[in-house]
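S.K.: Dropping a structure here in structure tokens format, bear with me for questions.
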Amino acid sequence: MNILAFVDTHGNNAALNRLIKKADSADLLVCAGDLSNWGNNLDLLIKKFASLNKPLLIIPGNHEHEDDLRKVCAKYPYCVFLHDSSYRINEYVFFGRGGGGFSKTDETFEKISKSFLKNKRRNDKIILVTHAPPSNTKLDYLPWGGHVGCDSYREFIEKNNVVLGISGHLHENESKQDTINGKKIVNPGPDGKIIKI
């Protein structure tokens with residue numbers, strides 16, 4: 001399966017047009033938030049992906065309100081609102097948590113993840129999609145602030161069968177990748193990355 005992952009496009013039409021061209025070799029698209037700039041033109045931005053006829057899994061960033069994004073996603077059959085939810089393709093399960101920014105812990109995620117783990121199948125391979133990055137990696141380090149990522153996401157990746165983590169939020173770390181206990185994590189940036197799993 002080829003995933004076109006991207007994040008933090010902030011309504012940039014040129015970036016979206018490049019993504020749409022790049023999507024030819026993808027089976028589905030995953031947006032880890034901040035598709036828009038403060039929610040402006042959210043409907044039009046999501047509508048741009050209609051011609052691809054491929055699933056678009058999306059979570060809100062800190063620039064979208066979850067209710068607004070949920071309503072827009074409900075209008076388009078290809079759009080999957082992944083925030084606090086999951087989406088299955090065979091043994092792969094995408095699990096999403098949007099919003100956030102610089103919180104070291106995410107108590108809501110910790111509660112929701114317990115429920116998710118109870119309902120998953122034994123051999124499921126998890127793809128975790130969060131807007132904020134997990135802590136203590138190349139994805140959450142800022143020269144002026146140190147490591148500012150979320151411990152809750154890191155712990156989830158460490159303890160579970162996560163095969164890929166996708167996040168963004170910190171534009172300084174666009175296109176960087178790292179591993180947590182051998183598990184790949186990536187900030188695909190606004191130009192996106194094709195990730196084969």
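We label chains A, B, ... in the order they appear in the structure tokens, count residues from 1 in each chain, and number ligands from 1 in the order shown.
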Please provide as an MDAnalysis selection string all residues within 7 Å of A:Ser175, with the sequence filter that same-chain residues fewer than 4 positions apart are discarded (counting only C-alpha atoms).
M.R.: chainID A and resid 187:189
S.K.: Take the residues just selected and output them with N, CA and C atoms as a CSV table (one decimal), in the first residue's frame.
M.R.:
```
chain,number,residue,atom,x,y,z
A,187,ASN,N,7.4,13.5,9.5
A,187,ASN,CA,6.7,14.8,9.2
A,187,ASN,C,6.8,15.0,7.7
A,188,PRO,N,5.7,14.7,7.0
A,188,PRO,CA,5.8,14.7,5.5
A,188,PRO,C,5.8,16.1,4.9
A,189,GLY,N,5.5,17.1,5.7
A,189,GLY,CA,5.5,18.5,5.2
A,189,GLY,C,4.4,18.7,4.2
```
S.K.: So that I can check the surroundings of A:Val148, please list as a compact mmCIF listing (two decimals) with N, CA and C atoms, in the first residue's frame every protein, DNA and RNA residue that reaches within 7 Å of it, counting only C-alpha atoms and ignoring chain neighbours fewer than 5 positions away.
M.R.:
```txt
# COMPACT_ATOMS: atom_id res chain seq x y z
N PHE A 102 1.54 22.14 21.74
CA PHE A 102 2.76 22.03 22.56
C PHE A 102 2.50 21.37 23.91
N LYS A 104 2.63 18.51 26.58
CA LYS A 104 3.49 17.35 26.83
C LYS A 104 2.67 16.07 26.99
N SER A 135 7.21 13.00 21.43
CA SER A 135 8.32 13.68 22.09
C SER A 135 9.67 13.01 21.85
N ASP A 140 10.22 16.76 16.90
CA ASP A 140 9.68 17.70 17.90
C ASP A 140 10.73 18.66 18.45
N TYR A 141 11.92 18.62 17.89
CA TYR A 141 13.00 19.46 18.44
C TYR A 141 13.01 20.85 17.79
```
S.K.: Please run DSSP on the backbone and report, as JSON, numbers by chain, all residues within chain A that come out as strand (DSSP E or B).
M.R.: {"A": [2, 3, 4, 5, 6, 28, 29, 30, 31, 56, 57, 58, 79, 80, 81, 83, 85, 86, 87, 88, 89, 92, 93, 94, 95, 96, 97, 125, 126, 127, 128, 129, 130, 134, 141, 142, 146, 147, 150, 162, 163, 164, 165, 166, 177, 178, 179, 180, 183, 184, 185, 186, 193, 194, 195, 196]}
S.K.: Check the smallest atom-to-atom distance from each of A:Pro190, A:Gly99, A:Pro133, A:Cys150 to A:Leu35 using only C-alpha atoms, then report the winner.
M.R.: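 The closest residue to A:Leu35 is A:Pro190.
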S.K.: I need the residues in stretch 9-118 of chain A that are alpha helix (DSSP H) according to DSSP; give them as number ranges by chain.
M.R.: A: 13-22, 42-47, 66-74, 107-118
S.K.: Using only C-alpha atoms, determine which residues lie at most 10 Å from A:Asp24, disregarding the query and same-chain residues fewer than 3 positions distant; provide the list as a list in words.
M.R.: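 My list of contacting residues is Leu4, Leu19, Ile20, Lys21, Asp27, Leu28, Leu52 and Lys54 of chain A.
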S.K.: At a cut-off of 7 Å, using only C-alpha atoms, what residues contact A:Ala5? Leave out same-chain residues fewer than 4 positions from it and give the result as a list in words.
M.R.: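 The contact residues come out as Leu29, Val30, Cys31, Pro188, Gly192, Lys193 and Ile194 of chain A.
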S.K.: Could you check which of A:Phe94, A:Gly182, A:Pro60, A:Asp43 is closest to A:Ile3, using only C-alpha atoms?
M.R.: A:Phe94
S.K.: Calculate how many Å separate atom CA of A:Lys22 from atom CA of A:Ile180, rounding to one decimal.
M.R.: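 Between atom CA of A:Lys22 and atom CA of A:Ile180 the gap works out to 27.6 Å.
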S.K.: Neighbouring residues of stretch 151-158 of chain A were defined as those with any atom within 8 Å, considering only C-alpha atoms; residues of the same chain fewer than 4 positions away were excluded. Please report them as a PDB file with C-alpha atoms, in the first residue's frame.
M.R.:
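Below is the file around09.pdb, written as the result:
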```pdb
ATOM      1  CA  LYS A 104       3.487  17.346  26.825  1.00  0.00           C
ATOM      2  CA  THR A 105       0.565  15.040  27.572  1.00  0.00           C
ATOM      3  CA  ASP A 106      -2.812  14.437  25.937  1.00  0.00           C
ATOM      4  CA  GLU A 107      -5.157  12.924  28.509  1.00  0.00           C
ATOM      5  CA  PHE A 109      -5.872  10.696  23.653  1.00  0.00           C
ATOM      6  CA  GLU A 110      -4.798   8.407  26.492  1.00  0.00           C
ATOM      7  CA  LEU A 128      -0.827   6.634  14.125  1.00  0.00           C
ATOM      8  CA  PRO A 133       4.665  15.097  17.020  1.00  0.00           C
ATOM      9  CA  PRO A 134       5.710  12.510  19.600  1.00  0.00           C
ATOM     10  CA  SER A 135       8.317  13.681  22.092  1.00  0.00           C
ATOM     11  CA  VAL A 162       2.682   0.899  15.455  1.00  0.00           C
ATOM     12  CA  GLY A 165       3.641   7.537  12.834  1.00  0.00           C
ATOM     13  CA  ILE A 180      11.051   5.224  18.028  1.00  0.00           C
ATOM     14  CA  ASN A 181      12.187   1.713  18.971  1.00  0.00           C
ATOM     15  CA  LYS A 183       9.228   2.319  14.338  1.00  0.00           C
TER      16      LYS A 183
END
```
S.K.: Using only C-alpha atoms, which of the listed residues (A:His10, A:Leu139, A:Lys159, A:Gly146) sits closest to A:Glu172?
M.R.: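 Closest to A:Glu172, using only C-alpha atoms: A:Leu139.
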S.K.: Tell me which protein, DNA and RNA residues are within 8 Å of A:Gly39, counting only C-alpha atoms, leaving out same-chain ones fewer than 4 positions away, and put them as a VMD selection string.
M.R.: chain A and resid 63 to 65 68
S.K.: Using only C-alpha atoms, find the one residue out of A:Lys184, A:Lys118, A:Arg18, A:Arg88 that sits nearest to A:Thr137.
M.R.: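 Comparing A:Lys184, A:Lys118, A:Arg18, A:Arg88 against A:Thr137, the winner is A:Lys184.
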S.K.: Tell me, in Å to one decimal, how far atom CA of A:Ser86 is from atom CA of A:Phe116.
M.R.: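 Here the two named atoms are 8.0 Å from each other.
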